[in-house]
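Asker: Handing over work23.cif, mmCIF, C-alpha atoms.
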```cif
data_work
loop_
_atom_site.label_atom_id
_atom_site.label_comp_id
_atom_site.auth_asym_id
_atom_site.auth_seq_id
_atom_site.Cartn_x
_atom_site.Cartn_y
_atom_site.Cartn_z
CA MET A 1 109.88 64.84 -29.49
CA LEU A 2 108.13 63.26 -26.54
CA HIS A 3 105.08 65.50 -26.92
CA PRO A 4 103.83 64.10 -30.29
CA ILE A 5 104.50 60.51 -29.17
CA LEU A 6 102.42 60.99 -26.03
CA PHE A 7 99.71 62.78 -28.00
CA PHE A 8 99.39 60.01 -30.57
CA LEU A 9 99.45 57.33 -27.85
CA PHE A 10 96.60 58.90 -25.90
CA ALA A 11 94.69 59.91 -29.05
CA ALA A 12 94.81 56.29 -30.26
CA LEU A 13 93.58 55.15 -26.83
CA CYS A 14 90.75 57.71 -27.04
CA VAL A 15 89.59 56.72 -30.53
CA GLY A 16 89.93 53.01 -29.71
CA GLY A 17 87.74 53.44 -26.64
CA ALA A 18 85.16 55.44 -28.60
CA ILE A 19 84.98 52.78 -31.33
CA ASN A 20 84.75 50.04 -28.70
CA LEU A 21 81.81 51.94 -27.18
CA LEU A 22 80.01 51.65 -30.54
CA VAL A 23 80.92 48.00 -31.16
CA GLN A 24 80.02 46.55 -27.77
CA LYS A 25 76.51 45.17 -27.36
CA HIS A 26 76.19 45.26 -23.59
CA PRO A 27 75.88 48.72 -21.94
CA ILE A 28 78.30 47.87 -19.14
CA ASN A 29 81.09 47.24 -21.68
CA SER A 30 80.24 50.55 -23.38
CA ALA A 31 80.41 52.31 -20.01
CA LEU A 32 83.84 50.85 -19.23
CA SER A 33 85.21 51.89 -22.63
CA LEU A 34 83.79 55.39 -22.06
CA ILE A 35 85.85 55.52 -18.84
CA VAL A 36 88.95 54.71 -20.95
CA VAL A 37 88.06 57.58 -23.32
CA MET A 38 87.60 60.02 -20.44
CA ALA A 39 90.82 59.01 -18.66
CA SER A 40 92.91 59.37 -21.82
CA LEU A 41 91.21 62.73 -22.52
CA ALA A 42 92.37 63.83 -19.06
CA LEU A 43 95.94 62.93 -20.05
CA ILE A 44 95.55 64.94 -23.28
CA TYR A 45 94.37 67.90 -21.16
CA LEU A 46 97.58 67.52 -19.15
CA LEU A 47 99.56 67.68 -22.41
CA LEU A 48 97.71 70.93 -23.20
CA GLY A 49 98.75 72.35 -19.83
CA ALA A 50 95.26 72.27 -18.32
CA GLU A 51 96.02 70.66 -14.96
CA PHE A 52 92.84 71.84 -13.26
CA VAL A 53 90.61 70.62 -16.10
CA ALA A 54 92.44 67.27 -16.15
CA ALA A 55 91.88 66.78 -12.41
CA VAL A 56 88.20 67.75 -12.69
CA GLN A 57 87.81 65.45 -15.69
CA VAL A 58 89.05 62.47 -13.67
CA ILE A 59 87.06 63.35 -10.54
CA VAL A 60 83.76 64.45 -12.09
CA TYR A 61 83.54 62.59 -15.40
CA ALA A 62 85.54 59.39 -14.97
CA GLY A 63 84.59 59.29 -11.31
CA ALA A 64 81.18 60.65 -10.41
CA ILE A 65 79.23 60.59 -13.69
CA MET A 66 80.45 57.17 -14.79
CA VAL A 67 79.77 55.69 -11.35
CA LEU A 68 76.21 57.00 -11.76
CA PHE A 69 75.97 55.32 -15.18
CA VAL A 70 77.37 51.98 -14.01
CA PHE A 71 75.12 52.12 -10.95
CA THR A 72 72.03 52.70 -13.13
CA ILE A 73 72.98 49.88 -15.53
CA MET A 74 73.36 47.47 -12.61
CA LEU A 75 70.17 48.74 -10.95
CA LEU A 76 68.05 48.25 -14.07
CA ASN A 77 69.79 44.97 -14.96
CA GLY A 78 69.62 45.76 -18.68
CA GLY A 79 70.81 43.00 -20.98
CA ALA A 80 72.45 43.16 -24.38
CA GLU A 81 70.62 45.42 -26.80
CA GLU A 82 68.59 44.04 -29.65
CA ARG A 83 68.82 45.11 -33.26
CA THR A 84 65.71 46.64 -34.83
CA PRO A 85 64.86 47.73 -38.42
CA GLY A 86 65.11 51.34 -37.26
CA SER A 87 68.71 50.92 -36.12
CA ARG A 88 69.69 49.22 -39.39
CA ILE A 89 68.24 52.11 -41.42
CA ALA A 90 70.07 54.55 -39.13
CA ALA A 91 73.35 52.69 -39.68
CA VAL A 92 72.91 52.44 -43.46
CA LEU A 93 71.99 56.09 -43.90
CA GLY A 94 73.82 57.59 -40.94
CA ILE A 95 77.36 56.24 -41.39
CA PRO A 96 77.91 57.60 -44.96
CA ALA A 97 76.24 60.92 -44.15
CA LEU A 98 78.33 61.32 -41.02
CA ALA A 99 81.53 60.35 -42.89
CA VAL A 100 80.80 63.06 -45.47
CA ALA A 101 80.07 65.65 -42.76
CA ILE A 102 83.23 64.86 -40.78
CA GLY A 103 85.33 64.71 -43.96
CA LEU A 104 84.07 68.15 -44.96
CA GLY A 105 84.81 69.50 -41.49
CA LEU A 106 88.32 68.03 -41.50
CA TYR A 107 88.97 69.44 -44.99
CA VAL A 108 87.95 72.93 -43.91
CA THR A 109 89.96 72.66 -40.67
CA LEU A 110 93.12 71.40 -42.35
CA GLN A 111 92.98 73.52 -45.50
CA HIS A 112 91.52 76.86 -44.51
CA GLY A 113 91.41 76.65 -40.76
CA ILE A 114 93.58 78.11 -38.06
CA THR A 115 97.10 76.82 -38.13
CA GLY A 116 99.61 76.90 -35.35
CA ASP A 117 101.32 74.74 -32.80
CA VAL A 118 100.45 74.04 -29.23
CA ALA A 119 103.54 73.93 -27.07
CA LEU A 120 103.73 71.96 -23.84
CA GLY A 121 102.54 74.12 -20.95
CA SER A 122 101.99 77.27 -23.03
CA THR A 123 99.00 78.30 -20.91
CA PRO A 124 99.12 78.04 -17.13
CA GLY A 125 96.09 75.96 -16.24
CA TYR A 126 96.79 75.24 -12.60
CA PRO A 127 93.94 75.87 -10.11
CA HIS A 128 95.38 79.17 -8.87
CA ALA A 129 95.31 80.65 -12.40
CA VAL A 130 91.86 79.25 -13.23
CA ALA A 131 90.34 80.50 -9.97
CA ARG A 132 91.21 84.13 -10.72
CA PRO A 133 88.87 84.61 -13.76
CA LEU A 134 86.36 82.11 -12.34
CA PHE A 135 85.73 84.19 -9.21
CA ARG A 136 86.00 87.59 -10.93
CA GLU A 137 84.52 87.82 -14.44
CA PHE A 138 82.55 84.57 -14.17
CA LEU A 139 81.32 84.92 -10.60
CA LEU A 140 77.63 85.26 -11.54
CA PRO A 141 77.56 82.17 -13.83
CA PHE A 142 79.43 80.27 -11.11
CA GLU A 143 76.74 81.15 -8.57
CA VAL A 144 73.98 80.28 -11.06
CA THR A 145 75.48 76.78 -11.50
CA SER A 146 74.94 76.15 -7.79
CA VAL A 147 71.22 76.85 -8.30
CA LEU A 148 71.28 74.53 -11.33
CA ILE A 149 72.84 71.72 -9.29
CA LEU A 150 70.27 72.23 -6.53
CA ILE A 151 67.41 72.00 -9.06
CA ALA A 152 69.01 68.92 -10.64
CA ILE A 153 69.23 67.18 -7.25
CA MET A 154 65.57 67.93 -6.48
CA GLY A 155 64.51 66.87 -9.99
CA ALA A 156 66.40 63.59 -9.73
CA VAL A 157 64.80 62.81 -6.38
CA VAL A 158 61.29 63.65 -7.61
CA LEU A 159 61.67 61.67 -10.86
CA ALA A 160 63.26 58.57 -9.38
CA LYS A 161 60.86 58.45 -6.44
CA ARG A 162 58.45 55.53 -6.54
CA SER A 163 54.96 56.94 -7.02
CA GLU A 164 52.41 55.64 -4.58
CA MET B 1 105.01 70.72 -30.55
CA VAL B 2 101.75 69.30 -31.84
CA PRO B 3 99.74 71.31 -34.43
CA LEU B 4 96.42 72.64 -33.20
CA SER B 5 94.64 70.94 -36.08
CA TYR B 6 95.58 67.50 -34.70
CA TYR B 7 93.61 68.25 -31.56
CA LEU B 8 90.68 69.50 -33.63
CA VAL B 9 90.78 66.35 -35.80
CA LEU B 10 90.78 64.14 -32.70
CA SER B 11 87.86 66.14 -31.34
CA ALA B 12 85.95 65.77 -34.62
CA ILE B 13 86.51 62.01 -34.65
CA LEU B 14 85.29 61.67 -31.05
CA PHE B 15 82.25 63.85 -31.81
CA GLY B 16 81.52 61.72 -34.88
CA CYS B 17 81.68 58.55 -32.79
CA GLY B 18 79.22 60.15 -30.39
CA VAL B 19 76.79 61.08 -33.17
CA LEU B 20 77.11 57.58 -34.65
CA GLY B 21 76.38 55.97 -31.30
CA PHE B 22 73.38 58.25 -30.89
CA LEU B 23 72.08 57.14 -34.30
CA ILE B 24 72.68 53.38 -34.34
CA LYS B 25 72.36 52.39 -30.68
CA ARG B 26 68.97 51.37 -29.36
CA ASN B 27 69.75 51.07 -25.66
CA ILE B 28 68.71 54.31 -23.94
CA ILE B 29 71.70 54.26 -21.55
CA THR B 30 74.19 53.79 -24.40
CA ILE B 31 72.56 56.70 -26.25
CA PHE B 32 73.02 58.79 -23.11
CA MET B 33 76.69 57.79 -22.96
CA SER B 34 77.10 58.87 -26.60
CA ILE B 35 75.86 62.34 -25.60
CA GLU B 36 78.52 62.43 -22.87
CA LEU B 37 81.11 61.47 -25.50
CA MET B 38 80.02 64.42 -27.67
CA LEU B 39 80.29 66.79 -24.69
CA ASN B 40 83.82 65.50 -24.04
CA ALA B 41 84.80 66.12 -27.66
CA VAL B 42 83.59 69.72 -27.41
CA ASN B 43 85.54 70.14 -24.16
CA LEU B 44 88.70 69.03 -25.94
CA THR B 45 88.15 71.74 -28.57
CA PHE B 46 87.71 74.37 -25.84
CA VAL B 47 90.94 73.37 -24.09
CA ALA B 48 92.90 73.15 -27.36
CA PHE B 49 91.83 76.66 -28.39
CA ALA B 50 92.52 77.96 -24.89
CA ALA B 51 96.07 76.61 -25.12
CA HIS B 52 96.45 78.00 -28.63
CA TRP B 53 95.31 81.54 -27.88
CA GLY B 54 96.76 81.60 -24.38
CA VAL B 55 93.52 82.57 -22.63
CA LEU B 56 91.94 80.81 -19.68
CA SER B 57 88.30 81.42 -20.63
CA GLY B 58 88.27 78.04 -22.41
CA HIS B 59 89.09 76.27 -19.15
CA ILE B 60 86.24 78.12 -17.41
CA PHE B 61 83.84 77.08 -20.17
CA VAL B 62 84.92 73.45 -19.80
CA PHE B 63 84.19 73.78 -16.09
CA PHE B 64 80.66 75.00 -16.81
CA VAL B 65 80.09 72.29 -19.44
CA MET B 66 81.08 69.69 -16.84
CA VAL B 67 78.65 71.16 -14.30
CA VAL B 68 75.82 71.05 -16.83
CA ALA B 69 76.80 67.50 -17.84
CA ALA B 70 76.70 66.38 -14.21
CA ALA B 71 73.25 67.92 -13.69
CA GLU B 72 72.06 66.41 -16.97
CA ALA B 73 73.37 62.95 -16.03
CA ALA B 74 71.61 63.06 -12.65
CA VAL B 75 68.23 64.11 -14.11
CA GLY B 76 68.56 61.95 -17.23
CA LEU B 77 69.33 58.77 -15.33
CA ALA B 78 66.41 59.49 -12.98
CA ILE B 79 64.15 59.78 -16.06
CA ILE B 80 65.57 56.49 -17.39
CA ILE B 81 64.77 54.79 -14.07
CA ALA B 82 61.21 56.22 -14.19
CA VAL B 83 60.76 55.03 -17.80
CA PHE B 84 62.09 51.56 -17.00
CA ARG B 85 59.71 51.27 -14.06
CA THR B 86 56.64 51.77 -16.26
CA ARG B 87 57.82 50.18 -19.54
CA GLU B 88 60.12 47.36 -18.33
CA THR B 89 62.40 48.00 -21.30
CA LEU B 90 65.46 50.07 -22.19
CA ASN B 91 64.88 49.92 -25.95
CA VAL B 92 64.02 53.37 -27.32
CA ASP B 93 61.90 51.86 -30.10
CA ARG B 94 59.50 50.57 -27.44
CA VAL B 95 59.33 53.95 -25.70
CA ASN B 96 57.02 55.81 -28.08
CA LEU B 97 54.82 57.74 -25.65
CA LEU B 98 55.89 60.74 -23.60
CA LYS B 99 53.33 59.82 -20.96
CA LEU B 100 54.81 57.92 -18.04
#
```
Can I see the file as structure tokens?
Answerer:
Amino acid sequence: MLHPILFFLFAALCVGGAINLLVQKHPINSALSLIVVMASLALIYLLLGAEFVAAVQVIVYAGAIMVLFVFTIMLLNGGAEERTPGSRIAAVLGIPALAVAIGLGLYVTLQHGITGDVALGSTPGYPHAVARPLFREFLLPFEVTSVLILIAIMGAVVLAKRSE
Amino acid sequence: MVPLSYYLVLSAILFGCGVLGFLIKRNIITIFMSIELMLNAVNLTFVAFAAHWGVLSGHIFVFFVMVVAAAEAAVGLAIIIAVFRTRETLNVDRVNLLKL
């Protein structure tokens, strides 16, 4: 009984944060509502039994990436965004088209899709269980990500460097 | 017990919000945040299916998506700083040349 209540609570928080991200004019307000979305998604991961993913979500997404975003917004001192004809056309054409696409997807998911329940803690997602496949079957991709991170660090330094 | 489809519906709504933000926002940083929102929605689908089928591969995939998102955020924000330095604007309508 508690499981659906918690799910709907955090799902409402998630959707509310996502809509607030769209409504807000200033990027810093959008960034703060994105942190709300990511934190409530971490709680939903906990409901799904993915403890490791929930912890990484809080540390990497809500922590590191969003700090980078907020830092950049403050560094560039960007003000509220302005409306342009292009954005109005995008809103007029995009919102109905997107509503149709999502409605179609939901119809297919709910009518013909996979059905079944997700019980609390059905899959063990603690770090010990996640580490076993990560360092066996997925060892090569794991090592490749370290190269990717190294390249990303060098790319960020080169791009953000002030050219003489 | 929560049906799997509820998680998929939540994920679709979040992904839709991300696409909508990508379309109607004109601030380059907000557009970038919308992309992060879409990545999060996909992660939720991965974890929901992992819990449904009882396999851990979904969790591993989420881990890799997060690594790629972190690398993308670092490089993307550096590009935004470089663009702002030459253009003095964050509006994507004013950024119409690839040349720095």
Asker: Between B:Val55, B:Ala70, B:Val62, B:Ile24, which residue has the minimum interatomic distance to Asp93 of chain B, considering all atoms listed in the file?
Answerer: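 Looking at the shortest contact to Asp93 of chain B, the residue is B:Ile24.
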Asker: Write out as a ChimeraX atom specification the residues lying within 9 Å of Ile95 of chain A, counting all atoms listed in the file and excluding same-chain residues fewer than 4 positions away.
Answerer: /A:90-91,99-100 /B:20,23-24
Asker: Go ahead and write the residues just picked, C-alpha atoms, as a PDB file, keeping the file's coordinate frame.
Answerer:
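Saved as out24.pdb:
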```pdb
ATOM      1  CA  ALA A  90      70.070  54.550 -39.130  1.00  0.00           C
ATOM      2  CA  ALA A  91      73.350  52.690 -39.680  1.00  0.00           C
ATOM      3  CA  ALA A  99      81.530  60.350 -42.890  1.00  0.00           C
ATOM      4  CA  VAL A 100      80.800  63.060 -45.470  1.00  0.00           C
TER       5      VAL A 100
ATOM      6  CA  LEU B  20      77.110  57.580 -34.650  1.00  0.00           C
ATOM      7  CA  LEU B  23      72.080  57.140 -34.300  1.00  0.00           C
ATOM      8  CA  ILE B  24      72.680  53.380 -34.340  1.00  0.00           C
TER       9      ILE B  24
END
```
Asker: Give me the segment 26-134 of chain A side of the contact with segment 80-91 of chain B, cut-off 9 Å, one line per residue showing its nearest atom pair and distance in Å at one decimal, counting only C-alpha atoms, sorted by chain and residue number, as JSON lines.
Answerer:
```
{"residue": "A:Thr72", "atom": "CA", "partner": "B:Ile81", "partner_atom": "CA", "distance": 7.6}
{"residue": "A:Leu75", "atom": "CA", "partner": "B:Ile81", "partner_atom": "CA", "distance": 8.7}
{"residue": "A:Leu76", "atom": "CA", "partner": "B:Ile81", "partner_atom": "CA", "distance": 7.3}
{"residue": "A:Gly78", "atom": "CA", "partner": "B:Leu90", "partner_atom": "CA", "distance": 6.9}
{"residue": "A:Gly79", "atom": "CA", "partner": "B:Leu90", "partner_atom": "CA", "distance": 8.9}
{"residue": "A:Glu81", "atom": "CA", "partner": "B:Asn91", "partner_atom": "CA", "distance": 7.3}
{"residue": "A:Glu82", "atom": "CA", "partner": "B:Asn91", "partner_atom": "CA", "distance": 7.9}
```
Asker: Which is closest to chain B among A:Ile149, A:Val92, A:Ala55, A:Leu139, if we use all atoms listed in the file?
Answerer: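 When distances to chain B are compared using all atoms listed in the file, the smallest one comes from A:Ile149.
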Asker: Find, counting only C-alpha atoms, the residue in A:Leu43, A:Val15, A:Leu104, A:Ala54 that gets nearest to chain B.
Answerer: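 Closest to chain B of all the choices is A:Val15.
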Asker: Residues of chain A no more than 6 Å from chain B, counting all atoms listed in the file: send them over as a PDB file with C-alpha atoms, in the coordinates of the input.
Answerer:
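Output below, filename out-v6.pdb:
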```
ATOM      1  CA  PRO A   4     103.830  64.100 -30.290  1.00  0.00           C
ATOM      2  CA  LEU A  22      80.010  51.650 -30.540  1.00  0.00           C
ATOM      3  CA  PRO A  27      75.880  48.720 -21.940  1.00  0.00           C
ATOM      4  CA  GLU A  81      70.620  45.420 -26.800  1.00  0.00           C
ATOM      5  CA  SER A  87      68.710  50.920 -36.120  1.00  0.00           C
ATOM      6  CA  ALA A  90      70.070  54.550 -39.130  1.00  0.00           C
ATOM      7  CA  ALA A  91      73.350  52.690 -39.680  1.00  0.00           C
ATOM      8  CA  GLY A 116      99.610  76.900 -35.350  1.00  0.00           C
ATOM      9  CA  ASP A 117     101.320  74.740 -32.800  1.00  0.00           C
ATOM     10  CA  VAL A 118     100.450  74.040 -29.230  1.00  0.00           C
ATOM     11  CA  ALA A 119     103.540  73.930 -27.070  1.00  0.00           C
ATOM     12  CA  THR A 123      99.000  78.300 -20.910  1.00  0.00           C
ATOM     13  CA  ILE A 149      72.840  71.720  -9.290  1.00  0.00           C
ATOM     14  CA  ALA A 152      69.010  68.920 -10.640  1.00  0.00           C
ATOM     15  CA  ALA A 156      66.400  63.590  -9.730  1.00  0.00           C
ATOM     16  CA  LEU A 159      61.670  61.670 -10.860  1.00  0.00           C
ATOM     17  CA  ALA A 160      63.260  58.570  -9.380  1.00  0.00           C
TER      18      ALA A 160
END
```
Asker: Calculate how many Å separate atom CA of Ile59 of chain A from atom CA of Arg162 of chain A, rounding to one decimal.
Answerer: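 Computing the Euclidean distance for atom CA of Ile59 of chain A and atom CA of Arg162 of chain A yields 29.9 Å.
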Asker: Name the residues that the PyMOL selection byres ((chain A and resi 126) around 10) pulls out of this structure, and write them as a PDB file with C-alpha atoms, in the frame of the given file.
Answerer:
```
ATOM      1  CA  GLY A  49      98.750  72.350 -19.830  1.00  0.00           C
ATOM      2  CA  ALA A  50      95.260  72.270 -18.320  1.00  0.00           C
ATOM      3  CA  GLU A  51      96.020  70.660 -14.960  1.00  0.00           C
ATOM      4  CA  PHE A  52      92.840  71.840 -13.260  1.00  0.00           C
ATOM      5  CA  VAL A  53      90.610  70.620 -16.100  1.00  0.00           C
ATOM      6  CA  ALA A  54      92.440  67.270 -16.150  1.00  0.00           C
ATOM      7  CA  ALA A  55      91.880  66.780 -12.410  1.00  0.00           C
ATOM      8  CA  THR A 123      99.000  78.300 -20.910  1.00  0.00           C
ATOM      9  CA  PRO A 124      99.120  78.040 -17.130  1.00  0.00           C
ATOM     10  CA  GLY A 125      96.090  75.960 -16.240  1.00  0.00           C
ATOM     11  CA  PRO A 127      93.940  75.870 -10.110  1.00  0.00           C
ATOM     12  CA  HIS A 128      95.380  79.170  -8.870  1.00  0.00           C
ATOM     13  CA  ALA A 129      95.310  80.650 -12.400  1.00  0.00           C
ATOM     14  CA  VAL A 130      91.860  79.250 -13.230  1.00  0.00           C
ATOM     15  CA  ALA A 131      90.340  80.500  -9.970  1.00  0.00           C
TER      16      ALA A 131
END
```
Asker: For a test of reading the model, state the distance in Å between atom CA of Thr84 of chain A and atom CA of Ile28 of chain A, rounded to one decimal.
Answerer: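 Here the two named atoms are 20.2 Å from each other.
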Asker: Could you tell me how far atom CA of Ser33 of chain A sits from atom CA of Leu9 of chain A, in Å to one decimal place?
Answerer: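 Going from atom CA of Leu9 of chain A over to atom CA of Ser33 of chain A, I get 16.1 Å.
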Asker: Can I get segment 41-64 of chain B with N, CA and C atoms filled in, as a compact mmCIF listing (two decimals), in the frame of the given file?
Answerer:
```txt
# COMPACT_ATOMS: atom_id res chain seq x y z
N ALA B 41 84.12 65.68 -26.45
CA ALA B 41 84.80 66.12 -27.66
C ALA B 41 84.80 67.65 -27.74
N VAL B 42 83.67 68.25 -27.39
CA VAL B 42 83.59 69.72 -27.41
C VAL B 42 84.54 70.32 -26.36
N ASN B 43 84.62 69.67 -25.20
CA ASN B 43 85.54 70.14 -24.16
C ASN B 43 86.98 70.14 -24.66
N LEU B 44 87.34 69.10 -25.41
CA LEU B 44 88.70 69.03 -25.94
C LEU B 44 88.98 70.21 -26.88
N THR B 45 87.98 70.58 -27.70
CA THR B 45 88.15 71.74 -28.57
C THR B 45 88.36 73.01 -27.76
N PHE B 46 87.57 73.18 -26.70
CA PHE B 46 87.71 74.37 -25.84
C PHE B 46 89.13 74.46 -25.27
N VAL B 47 89.62 73.33 -24.73
CA VAL B 47 90.94 73.37 -24.09
C VAL B 47 92.04 73.59 -25.12
N ALA B 48 91.88 72.98 -26.32
CA ALA B 48 92.90 73.15 -27.36
C ALA B 48 92.98 74.61 -27.79
N PHE B 49 91.81 75.25 -27.98
CA PHE B 49 91.83 76.66 -28.39
C PHE B 49 92.33 77.55 -27.26
N ALA B 50 92.01 77.18 -26.02
CA ALA B 50 92.52 77.96 -24.89
C ALA B 50 94.04 77.92 -24.86
N ALA B 51 94.61 76.73 -25.11
CA ALA B 51 96.07 76.61 -25.12
C ALA B 51 96.66 77.34 -26.31
N HIS B 52 95.93 77.36 -27.43
CA HIS B 52 96.45 78.00 -28.63
C HIS B 52 96.48 79.52 -28.50
N TRP B 53 95.40 80.09 -27.99
CA TRP B 53 95.31 81.54 -27.88
C TRP B 53 95.88 82.06 -26.58
N GLY B 54 96.17 81.16 -25.63
CA GLY B 54 96.76 81.60 -24.38
C GLY B 54 95.79 82.33 -23.47
N VAL B 55 94.51 81.97 -23.54
CA VAL B 55 93.52 82.57 -22.63
C VAL B 55 92.91 81.45 -21.79
N LEU B 56 92.46 81.82 -20.59
CA LEU B 56 91.94 80.81 -19.68
C LEU B 56 90.42 80.66 -19.75
N SER B 57 89.76 81.49 -20.57
CA SER B 57 88.30 81.42 -20.63
C SER B 57 87.83 80.04 -21.08
N GLY B 58 88.62 79.37 -21.96
CA GLY B 58 88.27 78.04 -22.41
C GLY B 58 88.17 77.06 -21.26
N HIS B 59 89.12 77.17 -20.32
CA HIS B 59 89.09 76.27 -19.15
C HIS B 59 87.83 76.50 -18.33
N ILE B 60 87.44 77.79 -18.19
CA ILE B 60 86.24 78.12 -17.41
C ILE B 60 85.01 77.51 -18.09
N PHE B 61 84.99 77.63 -19.44
CA PHE B 61 83.84 77.08 -20.17
C PHE B 61 83.76 75.58 -19.98
N VAL B 62 84.92 74.90 -20.01
CA VAL B 62 84.92 73.45 -19.80
C VAL B 62 84.35 73.13 -18.42
N PHE B 63 84.72 73.96 -17.44
CA PHE B 63 84.19 73.78 -16.09
C PHE B 63 82.67 73.85 -16.08
N PHE B 64 82.12 74.85 -16.79
CA PHE B 64 80.66 75.00 -16.81
C PHE B 64 80.00 73.85 -17.58
```
